[in-house]
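Everything on this sheet refers to the single structure shown next.
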Amino acid sequence: MSFRAISPTPEAWKALADALAELVEEAAFEITPEGLTLRAMDPSRVAMVNLSWNNLSFEEYACESSMTIAVRVDDLKKVMKRADRKDRIEVTLGQGNTIIFRFKDGYEREFSIPLVEVGETHRPLPKLAFNAQAKIVQKALRKIFEDIDTVSDHVTIKAQEGLLEFLGRSEIGQVQARLVDSSPDLLELAVKEPSEATYSLEYLVDFVKAVKPAEITVLEFSSRMPVKLTFPIDEHGSYIEFYLAPRVE
Amino acid sequence: MLNSLEEVDEAIRVCRACPLHSSRRNPVPGEGSGRSGIMFVGEAPGRNEDIQGRPFVGAAGQLLDGLIKEKLGLRRDDVYITNVVKCRPPGNRDPEPDEVKACWRFLEAQIMVIKPRMIVALGRHATTTLLFGPGSRTRSIMALRGKPRMVRIAGRDITIFPTLHPAAALYNKQQISTLEEDFEEIARLVRGGGRRGTLDEFL
């Protein structure tokens with residue numbers, strides 16, 4: 001069993017660890033010669049993460065045969081907290097069922113964490129056809145969710161031709177954010193059918209914050225359907241996707 | 001292929017796949033509607049269960065019923081209650097790995113019929129079987145309890161929530177508060193799912 005992957009920066013690993021920490025205690029990676037994938041659903045079955053990290057995204061990547069490994073997300077997060085912005089990260093499998101993260105920027109540091117038993121298998125993705133798709137500057141989306149979070153624990157997203165609206169309402173007030181076709185933060189908007197759905201902000205805020213390094217987010221949804229957020233990791237086609245079930249009114 | 005709980009019950013009644021059938025009084029298939037989407041799985045029937053042919057009817061059962069009512073706000077009939085092994089092992093000994101393996105198809109069939117979104121595994125035998133497969137080496141429940149994990153069983157992704165066996169908590173009163181804590185966490189997970197909807201219907 002041999003595996004080695006080198007990333008020029010720790011950003012994607014950090015984002016992944018932060019995003020997973022909101023959802024699950026353990027995460028199982030499928031490692032193949034083509035790259036790394038991971039799917040994880042939170043125990044209340046409301047949210048799901050899907051990672052597709054292809055081998056081109058790495059500075060060096062070597063995997064002889066496919067395998068599944070699992071780690072405790074808390075362990076991964078602790079290690080990634082120690083990574084500096086300029087660190088190169090080398091990931092290998094160690095002796096005695098461990099995974100090793102080597103950080104290199106000037107001096108070299110090596111963190112070894114235990115692998116845990118794989119408790120989950122590659123689960124299916126939700127089968128969805130979306131009526132609204134928007135490409136949004138990630139920073140703007142993050143601010144919108146945080147704005148709405150000041151008054152409400154959920155957000156209603158409305159899409160129609162040329163307009164994407166975010167609404168939050170509670171007894172303490174109301175927040176409304178609008179992105180129109182001409183907004184510099186709304187890069188694309190395609191609406192097949194006017195759509196409206198409400199989602200819990202609990203996961204959205206944390207998740208969008210976790211994947212800070214992504215510059216663009218693709219938001220897709222339909223009325224009474226889950227929302228899907230796609231965060232491209234780089235220009236090589238790797239991405240982190242996030243699915244969230246709608247609120248049942 | 002067992003398509004209903006009645007068919008599963010009947011298959012258990014006539015099962016001769018392991019030696020336990022010869023020493024039991026009654027098989028204990030399980031009971032409840034499971035309409036809440038929650039299933040409870042224990043280890044094996046005890047003396048009272050063997051006499052009545054019903055799961056969790058003794059003191060441990062009373063504790064379980066109370067937790068279901070007080071912490072989850074549900075009635076016993078709203079959930080489905082069963083055991084990993086459907087016949088009582090003589091003298092209340094632990095079920096043997098071969099007995100667990102022989103009985104697994106019935107639990108799998110019950111899961112296929114009930115389609116639970118969460119299974120509460122009561123004790124180390126149920127936890128080990130549901131997380132790591134029938135016949136697996138048993139592990140410490142204290143290390144696994146309170147941490148839900150997703151497992152694929154009978155073609156479905158199911159949240160397994162390991163907790164203590166109510167019978168063990170009866171012998172150690174300190175463990176009752178641990179069991180209560182776990183049931184509060186189960187309530188949080190179940191209510192969270194209900195209020196926000198889940199991804200299940202879209203998978």
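Going by the structure tokens order, chains are called A, B, ..., each with residues numbered from 1, while ligands are numbered from 1 in the order shown.
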Exercise. Determine which residues of chain B sit within 6 Å of chain A, taking into account only C-alpha atoms, and present them as number ranges by chain.
Key: B: 150-151, 159, 189, 193, 196-199, 202-203
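Every protein, DNA or RNA residue with an atom at most 8 Å from Arg137 (chain B), where only C-alpha atoms count and chain neighbours fewer than 2 positions away do not, is listed here: Thr128, Gly135 and Arg139 of chain B.
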Please write the residues from the selection above to a file, keeping N, CA and C atoms, as a CSV table (one decimal), in the first residue's frame.
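The resulting file, result_33.csv, is reproduced below:
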```csv
chain,number,residue,atom,x,y,z
B,128,THR,N,-21.1,-3.5,18.0
B,128,THR,CA,-20.0,-4.1,17.2
B,128,THR,C,-20.6,-4.7,15.9
B,135,GLY,N,-20.4,-11.1,13.8
B,135,GLY,CA,-19.3,-12.0,14.1
B,135,GLY,C,-18.0,-11.2,14.4
B,139,ARG,N,-15.9,-4.8,21.0
B,139,ARG,CA,-15.1,-3.7,21.5
B,139,ARG,C,-15.7,-3.0,22.6
```
Self-check item: Every residue of region 12-234 of chain A that DSSP places in strand (DSSP E or B), as number ranges by chain
Solution: A: 26-32, 35-41, 47-54, 60-63, 67-72, 88-94, 98-105, 107-116, 132-137, 154-160, 163-170, 173-180, 186-191, 195-200, 216-221, 227-232
Store the residues picked out above in a file with C-alpha atoms, as an mmCIF file, in the first residue's frame.
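That gives us again_37.cif:
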```
data_model
loop_
_atom_site.group_PDB
_atom_site.id
_atom_site.type_symbol
_atom_site.label_atom_id
_atom_site.label_comp_id
_atom_site.auth_asym_id
_atom_site.auth_seq_id
_atom_site.Cartn_x
_atom_site.Cartn_y
_atom_site.Cartn_z
ATOM 1 C CA GLU A 26 -14.637 10.569 11.124
ATOM 2 C CA ALA A 27 -13.974 10.901 7.417
ATOM 3 C CA ALA A 28 -13.166 8.166 4.900
ATOM 4 C CA PHE A 29 -11.039 8.989 1.872
ATOM 5 C CA GLU A 30 -11.083 6.858 -1.245
ATOM 6 C CA ILE A 31 -7.580 7.030 -2.681
ATOM 7 C CA THR A 32 -7.116 5.953 -6.293
ATOM 8 C CA GLY A 35 -6.999 11.249 -7.009
ATOM 9 C CA LEU A 36 -8.775 11.570 -3.670
ATOM 10 C CA THR A 37 -12.511 11.503 -3.122
ATOM 11 C CA LEU A 38 -14.596 11.675 0.005
ATOM 12 C CA ARG A 39 -18.299 11.720 0.798
ATOM 13 C CA ALA A 40 -19.610 12.388 4.258
ATOM 14 C CA MET A 41 -23.092 12.978 5.606
ATOM 15 C CA ALA A 47 -25.942 17.967 5.059
ATOM 16 C CA MET A 48 -23.398 16.203 2.905
ATOM 17 C CA VAL A 49 -19.900 16.960 1.641
ATOM 18 C CA ASN A 50 -18.507 15.566 -1.593
ATOM 19 C CA LEU A 51 -14.840 16.062 -2.376
ATOM 20 C CA SER A 52 -13.247 15.384 -5.731
ATOM 21 C CA TRP A 53 -9.530 16.151 -5.665
ATOM 22 C CA ASN A 54 -7.837 14.926 -8.792
ATOM 23 C CA GLU A 60 3.345 15.246 -7.006
ATOM 24 C CA TYR A 61 0.916 12.371 -6.710
ATOM 25 C CA ALA A 62 1.564 8.635 -6.546
ATOM 26 C CA CYS A 63 -0.864 5.854 -5.683
ATOM 27 C CA MET A 67 -7.634 2.013 -1.010
ATOM 28 C CA THR A 68 -9.987 3.542 1.544
ATOM 29 C CA ILE A 69 -8.626 5.122 4.692
ATOM 30 C CA ALA A 70 -10.387 6.924 7.513
ATOM 31 C CA VAL A 71 -9.206 9.514 10.022
ATOM 32 C CA ARG A 72 -10.726 11.312 12.978
ATOM 33 C CA ARG A 88 4.170 22.604 1.320
ATOM 34 C CA ILE A 89 2.335 19.524 2.539
ATOM 35 C CA GLU A 90 3.429 16.002 1.810
ATOM 36 C CA VAL A 91 0.991 13.244 2.746
ATOM 37 C CA THR A 92 2.036 9.598 2.972
ATOM 38 C CA LEU A 93 0.927 6.475 4.783
ATOM 39 C CA GLY A 94 3.101 5.529 7.727
ATOM 40 C CA THR A 98 -0.988 5.910 10.411
ATOM 41 C CA ILE A 99 -1.089 8.810 8.007
ATOM 42 C CA ILE A 100 1.778 11.260 7.954
ATOM 43 C CA PHE A 101 1.583 14.965 7.142
ATOM 44 C CA ARG A 102 4.970 16.588 6.509
ATOM 45 C CA PHE A 103 5.080 20.404 6.467
ATOM 46 C CA LYS A 104 8.013 22.017 4.726
ATOM 47 C CA ASP A 105 8.807 25.716 4.848
ATOM 48 C CA TYR A 107 12.439 23.486 8.659
ATOM 49 C CA GLU A 108 10.433 20.291 8.311
ATOM 50 C CA ARG A 109 7.738 19.093 10.688
ATOM 51 C CA GLU A 110 6.093 15.698 10.645
ATOM 52 C CA PHE A 111 2.704 14.859 12.175
ATOM 53 C CA SER A 112 1.575 11.258 12.342
ATOM 54 C CA ILE A 113 -2.050 10.484 13.185
ATOM 55 C CA PRO A 114 -3.737 7.094 13.507
ATOM 56 C CA LEU A 115 -6.069 5.752 10.868
ATOM 57 C CA VAL A 116 -9.395 4.528 12.195
ATOM 58 C CA ALA A 132 -31.646 27.941 -10.636
ATOM 59 C CA GLN A 133 -27.889 28.213 -10.940
ATOM 60 C CA ALA A 134 -25.751 31.178 -9.886
ATOM 61 C CA LYS A 135 -22.019 31.760 -9.951
ATOM 62 C CA ILE A 136 -21.204 34.089 -7.071
ATOM 63 C CA VAL A 137 -18.038 35.644 -5.679
ATOM 64 C CA HIS A 154 -32.524 30.268 8.309
ATOM 65 C CA VAL A 155 -32.352 31.876 4.889
ATOM 66 C CA THR A 156 -34.907 31.915 2.099
ATOM 67 C CA ILE A 157 -33.327 32.002 -1.349
ATOM 68 C CA LYS A 158 -35.408 33.260 -4.282
ATOM 69 C CA ALA A 159 -34.334 33.204 -7.909
ATOM 70 C CA GLN A 160 -36.024 34.691 -10.956
ATOM 71 C CA LEU A 163 -32.476 38.500 -9.727
ATOM 72 C CA LEU A 164 -31.212 36.379 -6.823
ATOM 73 C CA GLU A 165 -32.555 37.298 -3.390
ATOM 74 C CA PHE A 166 -31.670 36.170 0.116
ATOM 75 C CA LEU A 167 -34.129 36.811 2.939
ATOM 76 C CA GLY A 168 -33.982 36.321 6.683
ATOM 77 C CA ARG A 169 -36.817 37.146 9.020
ATOM 78 C CA SER A 170 -37.503 36.700 12.698
ATOM 79 C CA GLY A 173 -35.982 41.940 12.358
ATOM 80 C CA GLN A 174 -35.539 41.282 8.688
ATOM 81 C CA VAL A 175 -32.536 41.205 6.369
ATOM 82 C CA GLN A 176 -32.721 41.198 2.617
ATOM 83 C CA ALA A 177 -29.805 40.904 0.191
ATOM 84 C CA ARG A 178 -30.149 41.196 -3.557
ATOM 85 C CA LEU A 179 -27.844 40.263 -6.379
ATOM 86 C CA VAL A 180 -28.979 41.487 -9.772
ATOM 87 C CA LEU A 186 -22.998 37.803 -9.421
ATOM 88 C CA LEU A 187 -20.937 36.360 -12.247
ATOM 89 C CA GLU A 188 -23.677 34.261 -13.842
ATOM 90 C CA LEU A 189 -27.339 33.522 -13.206
ATOM 91 C CA ALA A 190 -29.425 30.963 -15.088
ATOM 92 C CA VAL A 191 -33.043 30.455 -14.009
ATOM 93 C CA SER A 195 -37.528 29.061 -7.445
ATOM 94 C CA GLU A 196 -37.806 29.644 -3.702
ATOM 95 C CA ALA A 197 -36.563 27.497 -0.832
ATOM 96 C CA THR A 198 -35.485 27.910 2.783
ATOM 97 C CA TYR A 199 -32.368 26.456 4.383
ATOM 98 C CA SER A 200 -30.851 26.363 7.840
ATOM 99 C CA ILE A 216 -16.096 31.450 -6.602
ATOM 100 C CA THR A 217 -19.111 29.473 -5.460
ATOM 101 C CA VAL A 218 -21.674 27.890 -7.720
ATOM 102 C CA LEU A 219 -25.042 27.874 -5.955
ATOM 103 C CA GLU A 220 -27.765 25.598 -7.341
ATOM 104 C CA PHE A 221 -31.264 24.995 -6.002
ATOM 105 C CA VAL A 227 -29.220 23.471 -2.194
ATOM 106 C CA LYS A 228 -25.860 22.524 -3.665
ATOM 107 C CA LEU A 229 -22.803 24.732 -3.282
ATOM 108 C CA THR A 230 -19.744 23.933 -5.356
ATOM 109 C CA PHE A 231 -16.382 25.404 -4.432
ATOM 110 C CA PRO A 232 -13.662 24.899 -7.043
#
```
Please provide the set of residues having any atom within 12 Å of Gly61 (chain B), restricted to only C-alpha atoms, with same-chain residues fewer than 5 positions apart removed, written as a short mmCIF file (atom, residue, chain, number, x, y, z; two decimals) with N, CA, C and O atoms, in the first residue's frame.
```
data_model
loop_
_atom_site.label_atom_id
_atom_site.label_comp_id
_atom_site.auth_asym_id
_atom_site.auth_seq_id
_atom_site.Cartn_x
_atom_site.Cartn_y
_atom_site.Cartn_z
N PHE B 40 -34.39 0.23 17.78
CA PHE B 40 -33.50 -0.08 18.89
C PHE B 40 -33.08 -1.54 18.77
O PHE B 40 -33.93 -2.41 18.57
N GLY B 42 -30.88 -4.53 20.70
CA GLY B 42 -30.14 -4.99 21.88
C GLY B 42 -29.32 -6.23 21.55
O GLY B 42 -29.07 -6.54 20.38
N PRO B 45 -32.43 -11.94 23.77
CA PRO B 45 -33.50 -12.00 24.77
C PRO B 45 -32.97 -12.54 26.10
O PRO B 45 -32.05 -13.36 26.13
N GLY B 46 -33.53 -12.04 27.20
CA GLY B 46 -33.22 -12.57 28.52
C GLY B 46 -34.33 -13.50 28.97
O GLY B 46 -35.17 -13.92 28.15
N ASN B 48 -37.11 -13.08 30.95
CA ASN B 48 -38.49 -12.60 30.79
C ASN B 48 -38.91 -12.56 29.32
O ASN B 48 -40.04 -12.87 28.97
N GLU B 49 -37.98 -12.12 28.48
CA GLU B 49 -38.27 -12.02 27.05
C GLU B 49 -38.53 -13.40 26.46
O GLU B 49 -39.43 -13.58 25.63
N ARG B 54 -41.35 -11.44 23.79
CA ARG B 54 -41.31 -10.00 23.43
C ARG B 54 -39.98 -9.41 23.91
O ARG B 54 -39.48 -9.79 24.96
N PRO B 55 -39.44 -8.43 23.15
CA PRO B 55 -38.14 -7.88 23.55
C PRO B 55 -38.28 -6.84 24.66
O PRO B 55 -39.30 -6.15 24.75
N PHE B 56 -37.27 -6.72 25.49
CA PHE B 56 -37.18 -5.68 26.52
C PHE B 56 -38.47 -5.53 27.33
O PHE B 56 -39.14 -4.51 27.28
N GLY B 66 -39.09 4.18 29.47
CA GLY B 66 -39.09 5.49 30.12
C GLY B 66 -38.24 6.49 29.35
O GLY B 66 -38.63 7.64 29.16
N LEU B 67 -37.08 6.05 28.90
CA LEU B 67 -36.19 6.94 28.14
C LEU B 67 -36.81 7.33 26.80
O LEU B 67 -36.71 8.49 26.36
N ILE B 68 -37.46 6.37 26.15
CA ILE B 68 -38.10 6.65 24.86
C ILE B 68 -39.19 7.70 25.05
O ILE B 68 -39.34 8.64 24.27
N ARG B 76 -43.56 3.57 22.97
CA ARG B 76 -42.83 2.35 22.61
C ARG B 76 -43.22 1.87 21.22
O ARG B 76 -42.38 1.42 20.45
N ILE B 81 -38.31 -2.35 18.23
CA ILE B 81 -37.33 -2.86 19.19
C ILE B 81 -37.03 -4.33 18.89
O ILE B 81 -37.95 -5.13 18.72
N THR B 82 -35.76 -4.64 18.79
CA THR B 82 -35.37 -6.03 18.54
C THR B 82 -33.98 -6.28 19.13
O THR B 82 -33.43 -5.43 19.81
N LEU B 122 -27.86 -0.85 21.37
CA LEU B 122 -27.81 -0.91 22.83
C LEU B 122 -26.75 -1.92 23.28
O LEU B 122 -26.93 -3.12 23.12
N HIS B 165 -26.17 -0.60 27.14
CA HIS B 165 -27.34 -1.47 27.25
C HIS B 165 -28.06 -1.11 28.54
O HIS B 165 -27.43 -0.97 29.59
N PRO B 166 -29.39 -0.92 28.48
CA PRO B 166 -30.11 -0.53 29.71
C PRO B 166 -29.87 -1.51 30.87
O PRO B 166 -29.83 -1.09 32.03
N ALA B 167 -29.69 -2.79 30.57
CA ALA B 167 -29.46 -3.77 31.65
C ALA B 167 -28.15 -3.47 32.38
O ALA B 167 -28.06 -3.58 33.60
N ALA B 168 -27.13 -3.04 31.62
CA ALA B 168 -25.84 -2.73 32.24
C ALA B 168 -25.99 -1.50 33.14
O ALA B 168 -25.40 -1.43 34.22
N ALA B 169 -26.82 -0.55 32.69
CA ALA B 169 -27.03 0.67 33.48
C ALA B 169 -27.77 0.35 34.79
O ALA B 169 -27.59 1.05 35.79
N LEU B 170 -28.57 -0.71 34.78
CA LEU B 170 -29.29 -1.07 36.01
C LEU B 170 -28.32 -1.55 37.10
O LEU B 170 -28.57 -1.39 38.28
#
```
Exercise. Excluding region 89-106 of chain B and residues on its chain fewer than 6 positions from it, collect all residues at most 9 Å away from it, counting only C-alpha atoms, and give them as a ChimeraX atom specification.
Key: /B:2,8-9,11-12,17-20,23-24,29,43-47,125,129,133-137
Practice problem: Using CA of Met39 (chain B) and CA of Ile51 (chain B) as the two end points, give the distance in Å to one decimal. | Solution: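 Spanning CA of Met39 (chain B) to CA of Ile51 (chain B) is a straight-line distance of 22.7 Å.
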Quiz item: Can you tell me, as a VMD selection string, what residues are no more than 8 Å from Phe145 (chain A) when counting only C-alpha atoms, ignoring any on the same chain fewer than 6 positions away?
Solution: chain A and resid 155 201 204 to 205
Quiz item: In Å, how far is it from CA of Lys71 (chain B) to CA of Gln175 (chain B)?
Solution: 15.8 Å
Quiz prompt | Test item, helix (DSSP H, G or I) assignment across region 5-238 of chain A, answer as a ChimeraX atom specification | solution = /A:11-21,55-57,73-81,138-149,201-210
